[in-house]
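Shown next: model-v3.tsv, given as TSV, C-alpha atoms.
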chain	number	residue	atom	x	y	z
Y	6	MET	CA	-51.65	-29.13	48.61
Y	7	THR	CA	-54.96	-30.72	49.56
Y	8	GLN	CA	-57.04	-32.73	47.11
Y	9	LYS	CA	-59.69	-30.00	47.10
Y	10	SER	CA	-57.20	-27.19	46.38
Y	11	SER	CA	-55.47	-29.41	43.81
Y	12	ALA	CA	-58.78	-29.94	42.00
Y	13	ARG	CA	-59.52	-26.21	42.21
Y	14	ARG	CA	-56.08	-25.38	40.83
Y	15	GLU	CA	-56.52	-27.86	37.97
Y	16	ALA	CA	-59.91	-26.33	37.13
Y	17	LEU	CA	-58.44	-22.82	37.22
Y	18	MET	CA	-55.51	-23.84	35.04
Y	19	GLY	CA	-57.89	-25.46	32.56
Y	20	GLU	CA	-59.90	-22.24	32.40
Y	21	LEU	CA	-56.70	-20.20	32.08
Y	22	TYR	CA	-55.45	-22.29	29.15
Y	23	GLY	CA	-58.79	-21.95	27.38
Y	24	GLU	CA	-58.84	-18.18	27.87
Y	25	ALA	CA	-55.18	-17.96	26.80
Y	26	ARG	CA	-56.10	-19.64	23.52
Y	27	ARG	CA	-58.93	-17.14	22.97
Y	28	TYR	CA	-56.63	-14.25	23.95
Y	29	MET	CA	-53.89	-15.29	21.52
Y	30	ALA	CA	-56.36	-15.87	18.70
Y	31	ALA	CA	-58.02	-12.50	19.37
Y	32	TYR	CA	-54.64	-10.76	19.28
Y	33	ALA	CA	-53.58	-12.53	16.07
Y	34	LEU	CA	-56.90	-11.60	14.41
Y	35	PHE	CA	-56.60	-8.00	15.65
Y	36	ASN	CA	-53.03	-7.79	14.32
Y	37	GLN	CA	-54.23	-9.17	10.97
Y	38	ALA	CA	-57.02	-6.56	10.84
Y	39	VAL	CA	-54.52	-3.76	11.56
Y	40	ALA	CA	-52.20	-5.14	8.86
Y	41	ASP	CA	-55.07	-5.38	6.37
Y	42	HIS	CA	-56.12	-1.81	7.20
Y	43	LEU	CA	-52.57	-0.60	6.52
Y	44	GLY	CA	-52.02	-2.84	3.48
Y	45	LEU	CA	-49.15	-4.62	5.22
Y	46	HIS	CA	-48.22	-8.12	6.31
Y	47	PRO	CA	-48.86	-8.86	10.03
Y	48	THR	CA	-45.13	-9.39	10.60
Y	49	ASP	CA	-44.47	-5.97	9.08
Y	50	VAL	CA	-46.85	-4.37	11.60
Y	51	GLN	CA	-45.05	-6.06	14.49
Y	52	CYS	CA	-41.68	-5.02	13.07
Y	53	LEU	CA	-42.85	-1.39	13.01
Y	54	ASN	CA	-44.06	-1.84	16.58
Y	55	LEU	CA	-40.67	-3.18	17.69
Y	56	LEU	CA	-38.70	-0.56	15.73
Y	57	GLY	CA	-40.73	2.10	17.54
Y	58	LEU	CA	-39.38	0.75	20.84
Y	59	GLU	CA	-35.75	1.05	19.71
Y	60	GLU	CA	-33.80	4.20	20.56
Y	61	GLY	CA	-32.90	4.97	16.96
Y	62	PRO	CA	-32.11	3.44	13.58
Y	63	VAL	CA	-30.97	-0.19	13.60
Y	64	THR	CA	-29.21	-2.58	11.26
Y	65	THR	CA	-31.10	-5.20	9.30
Y	66	GLY	CA	-29.34	-7.71	11.56
Y	67	ARG	CA	-31.07	-6.08	14.53
Y	68	VAL	CA	-34.40	-6.28	12.66
Y	69	ALA	CA	-33.72	-10.02	12.31
Y	70	GLU	CA	-33.02	-10.28	16.06
Y	71	LEU	CA	-36.15	-8.32	16.98
Y	72	THR	CA	-38.44	-10.35	14.74
Y	73	GLY	CA	-36.76	-13.75	14.98
Y	74	LEU	CA	-36.43	-13.86	11.20
Y	75	THR	CA	-33.39	-14.93	9.24
Y	76	THR	CA	-31.31	-12.06	7.88
Y	77	GLY	CA	-32.60	-12.81	4.38
Y	78	SER	CA	-36.23	-12.67	5.53
Y	79	ALA	CA	-35.51	-9.52	7.54
Y	80	THR	CA	-34.03	-7.91	4.42
Y	81	ARG	CA	-37.20	-8.72	2.46
Y	82	LEU	CA	-39.31	-7.34	5.33
Y	83	VAL	CA	-37.29	-4.09	5.31
Y	84	ASP	CA	-37.68	-3.96	1.50
Y	85	ARG	CA	-41.48	-4.16	1.90
Y	86	LEU	CA	-41.53	-1.49	4.60
Y	87	GLU	CA	-39.30	0.75	2.50
Y	88	ARG	CA	-41.57	0.35	-0.56
Y	89	ALA	CA	-44.57	1.19	1.65
Y	90	GLY	CA	-42.80	4.33	2.89
Y	91	TYR	CA	-42.48	3.34	6.57
Y	92	VAL	CA	-38.69	3.06	6.72
Y	93	THR	CA	-35.62	4.31	4.92
Y	94	ARG	CA	-32.15	2.90	4.69
Y	95	GLU	CA	-29.35	5.27	5.56
Y	96	ARG	CA	-25.58	4.98	5.92
Y	97	ASP	CA	-24.26	4.93	9.47
Y	98	ALA	CA	-22.43	8.24	10.02
Y	99	GLU	CA	-19.81	6.50	12.19
Y	100	ASP	CA	-19.26	3.46	9.94
Y	101	ARG	CA	-20.13	4.15	6.29
Y	102	ARG	CA	-20.09	0.39	5.57
Y	103	ARG	CA	-23.13	-0.13	7.81
Y	104	VAL	CA	-26.63	0.55	6.61
Y	105	LEU	CA	-29.27	1.49	9.17
Y	106	VAL	CA	-33.02	1.12	8.97
Y	107	ALA	CA	-34.82	4.25	10.18
Y	108	LEU	CA	-38.51	4.89	10.70
Y	109	VAL	CA	-40.03	7.65	8.55
Y	110	PRO	CA	-41.37	10.22	11.06
Y	111	ARG	CA	-44.41	11.22	8.94
Y	112	ARG	CA	-45.50	7.59	8.57
Y	113	THR	CA	-44.78	6.91	12.24
Y	114	ALA	CA	-47.04	9.85	13.11
Y	115	GLU	CA	-49.79	8.38	10.90
Y	116	LEU	CA	-49.44	5.07	12.75
Y	117	GLY	CA	-49.62	7.01	16.02
Y	118	VAL	CA	-53.00	8.44	15.01
Y	119	LEU	CA	-54.32	4.95	14.29
Y	120	TRP	CA	-52.97	3.57	17.59
Y	121	ARG	CA	-54.48	6.47	19.56
Y	122	LYS	CA	-57.88	5.74	18.01
Y	123	LEU	CA	-57.54	2.06	18.91
Y	124	ASN	CA	-55.83	2.49	22.29
Y	125	SER	CA	-58.52	4.67	23.82
Y	126	THR	CA	-60.75	1.61	23.94
Y	127	TRP	CA	-57.96	-0.63	25.23
Y	128	GLY	CA	-56.99	1.91	27.88
Y	129	THR	CA	-60.44	2.00	29.47
Y	130	MET	CA	-60.28	-1.75	29.91
Y	131	PHE	CA	-57.63	-1.25	32.63
Y	132	ASP	CA	-59.69	1.29	34.60
Y	133	VAL	CA	-61.20	-1.50	36.71
Y	134	TYR	CA	-57.79	-2.73	37.91
Y	135	SER	CA	-55.87	-1.48	40.95
Y	136	ASP	CA	-52.26	-0.33	40.57
Y	137	ALA	CA	-51.14	-3.65	42.09
Y	138	GLU	CA	-53.19	-5.59	39.52
Y	139	VAL	CA	-51.74	-3.51	36.68
Y	140	ALA	CA	-48.25	-4.23	38.05
Y	141	LEU	CA	-49.11	-7.95	38.06
Y	142	LEU	CA	-50.25	-7.71	34.43
Y	143	ILE	CA	-46.98	-5.98	33.50
Y	144	ALA	CA	-44.97	-8.71	35.25
Y	145	HIS	CA	-47.03	-11.38	33.47
Y	146	MET	CA	-46.45	-9.76	30.08
Y	147	ARG	CA	-42.69	-9.50	30.69
Y	148	ARG	CA	-42.52	-13.17	31.68
Y	149	THR	CA	-44.62	-14.09	28.64
Y	150	VAL	CA	-42.11	-12.32	26.37
Y	151	GLU	CA	-39.22	-14.21	28.03
Y	152	VAL	CA	-40.93	-17.61	27.87
Y	153	SER	CA	-42.05	-16.99	24.29
Y	154	ALA	CA	-38.46	-16.23	23.23
Y	155	ARG	CA	-37.29	-19.53	24.74
Y	156	GLN	CA	-40.14	-21.41	23.08
Y	157	VAL	CA	-39.29	-19.85	19.70
Y	158	GLU	CA	-35.69	-21.05	20.17
Y	159	ARG	CA	-36.95	-24.57	20.90
Y	160	LEU	CA	-39.24	-24.56	17.86
Y	161	ARG	CA	-36.59	-23.19	15.51
Y	162	GLY	CA	-33.90	-25.45	16.98
Y	163	GLY	CA	-36.06	-28.52	16.38
Y	164	ASP	CA	-35.49	-29.74	19.93
Y	165	LEU	CA	-38.96	-29.86	21.45
Y	166	ASP	CA	-37.95	-32.70	23.77
Y	167	ARG	CA	-35.56	-30.33	25.56
Y	168	PRO	CA	-37.39	-28.29	28.21
Y	169	ALA	CA	-37.44	-24.52	27.71
Y	170	GLY	CA	-34.29	-22.93	29.09
Y	171	GLY	CA	-32.43	-26.25	28.96
Y	172	GLU	CA	-33.26	-27.20	32.55
Y	173	PRO	CA	-34.00	-30.81	33.46
Y	174	ALA	CA	-37.61	-31.82	33.06
Y	175	GLY	CA	-38.00	-32.94	36.71
Y	176	GLY	CA	-40.99	-32.05	38.83
Y	177	GLU	CA	-43.76	-33.42	36.64
Y	178	PRO	CA	-45.66	-36.34	38.07
Y	179	ALA	CA	-45.50	-39.59	36.13
Y	180	GLY	CA	-48.02	-39.58	33.31
Y	181	ALA	CA	-48.64	-35.83	33.56
Y	182	VAL	CA	-49.64	-34.10	30.37
Y	183	LEU	CA	-47.50	-31.02	29.77
Y	184	ARG	CA	-49.60	-28.12	28.59
Y	185	GLY	CA	-48.63	-25.04	26.68
Y	186	PRO	CA	-50.60	-21.84	26.72
Y	187	SER	CA	-52.45	-22.84	23.59
Y	188	GLU	CA	-53.41	-26.39	24.56
Y	189	VAL	CA	-56.53	-27.62	26.20
Y	190	PRO	CA	-55.67	-29.67	29.31
Y	191	VAL	CA	-55.98	-33.35	28.53
Y	192	PRO	CA	-56.67	-35.79	31.36
Y	193	ASP	CA	-54.13	-38.58	31.76
Y	194	ALA	CA	-55.61	-41.82	30.42
Y	195	SER	CA	-53.53	-44.12	32.65

Written as structure tokens, that's how I'd like the structure from this file.
Amino acid sequence: MTQKSSARREALMGELYGEARRYMAAYALFNQAVADHLGLHPTDVQCLNLLGLEEGPVTTGRVAELTGLTTGSATRLVDRLERAGYVTRERDAEDRRRVLVALVPRRTAELGVLWRKLNSTWGTMFDVYSDAEVALLIAHMRRTVEVSARQVERLRGGDLDRPAGGEPAGGEPAGAVLRGPSEVPVPDAS
């Protein structure tokens, strides 16, 4: 890579990290506004979102997996959603010892109305992109989900010195400042 293209890449990456910080903050604030509107906790809203992607009722253990919460925290989350009328607990017909968490269709339909009102605006945002650009955005979002899951493991495991995925940290130039999606690039002082 030439010095000019290296400088251009660094400038682009700096801009990308700044916009990523704004993007993540905007999403967190939007999620909080949706939660406030519904009278829920932001994690509860995301749990409902994830449960809607499942093929049917799930165990509380699966809720814990989906949300990254401990089983105790997932149980409290399900308790809140049950009190709010968004989910029910039901016995598994195949294994009566298991309890499944199921979405309440009427409440899911109410959420659908809210999302349709909000999504019409979001949907028009993509009108300016070609199919190839939309495919790139999809690929980016899938990779973001994968990388985020690994980063959550690192944070919860308390091993931030271990690179994500456990691979060796090679490839970074000496003195390079590693940047995450929410950090502003910091020039090396050496």

* Do you know which residues are at most 10 Å from Y:Ala69 counting only C-alpha atoms, after dropping those on the same chain fewer than 2 positions away, and could you put them as a PyMOL selection string? -> chain Y and resi 52+64-67+71-80+82-83

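Atom pair atom CA of Y:Gly57 / atom CA of Y:Thr113: separated by 8.2 Å.
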
Test item: axis-aligned box, all listed atoms of stretch 104-116 of chain Y, 3 Å on each side, centre and edges in Å rounded to one decimal, as JSON:
{"center_x": -38.2, "center_y": 5.9, "center_z": 9.9, "size_x": 29.2, "size_y": 16.7, "size_z": 12.5}

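Interatomic distance, atom CA of Y:Val150 against atom CA of Y:Ala89: 28.3 Å.
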
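Going from atom CA of Y:Arg94 to atom CA of Y:Leu108 covers 9.0 Å.
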
* Who sits within 12 Å of Y:Leu123, all atoms listed in the file, same chain under 5 positions skipped, as a ChimeraX atom specification -> /Y:35-36,38-39,116-118,128-130

Can I get the selected residues back with C-alpha atoms, as a CSV table (one decimal), keeping the file's coordinate frame?
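The result, stored in part.csv:
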chain,number,residue,atom,x,y,z
Y,35,PHE,CA,-56.6,-8.0,15.6
Y,36,ASN,CA,-53.0,-7.8,14.3
Y,38,ALA,CA,-57.0,-6.6,10.8
Y,39,VAL,CA,-54.5,-3.8,11.6
Y,116,LEU,CA,-49.4,5.1,12.8
Y,117,GLY,CA,-49.6,7.0,16.0
Y,118,VAL,CA,-53.0,8.4,15.0
Y,128,GLY,CA,-57.0,1.9,27.9
Y,129,THR,CA,-60.4,2.0,29.5
Y,130,MET,CA,-60.3,-1.8,29.9

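Across Y:Val68, Y:Leu160, Y:Ala16, Y:Leu43, the tightest approach to Y:Trp120 is made by Y:Leu43 when counting all atoms listed in the file.
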
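The residue that comes closest to Y:Val106, out of Y:Val152, Y:Glu59, Y:Asp132, Y:Ala30 and on the basis of all atoms listed in the file, is Y:Glu59.
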
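Between Y:Leu56 and the residues Y:Leu86, Y:Leu21, Y:Glu158, Y:Asp97, the shortest atom-to-atom distance, using all atoms listed in the file, involves Y:Leu86.
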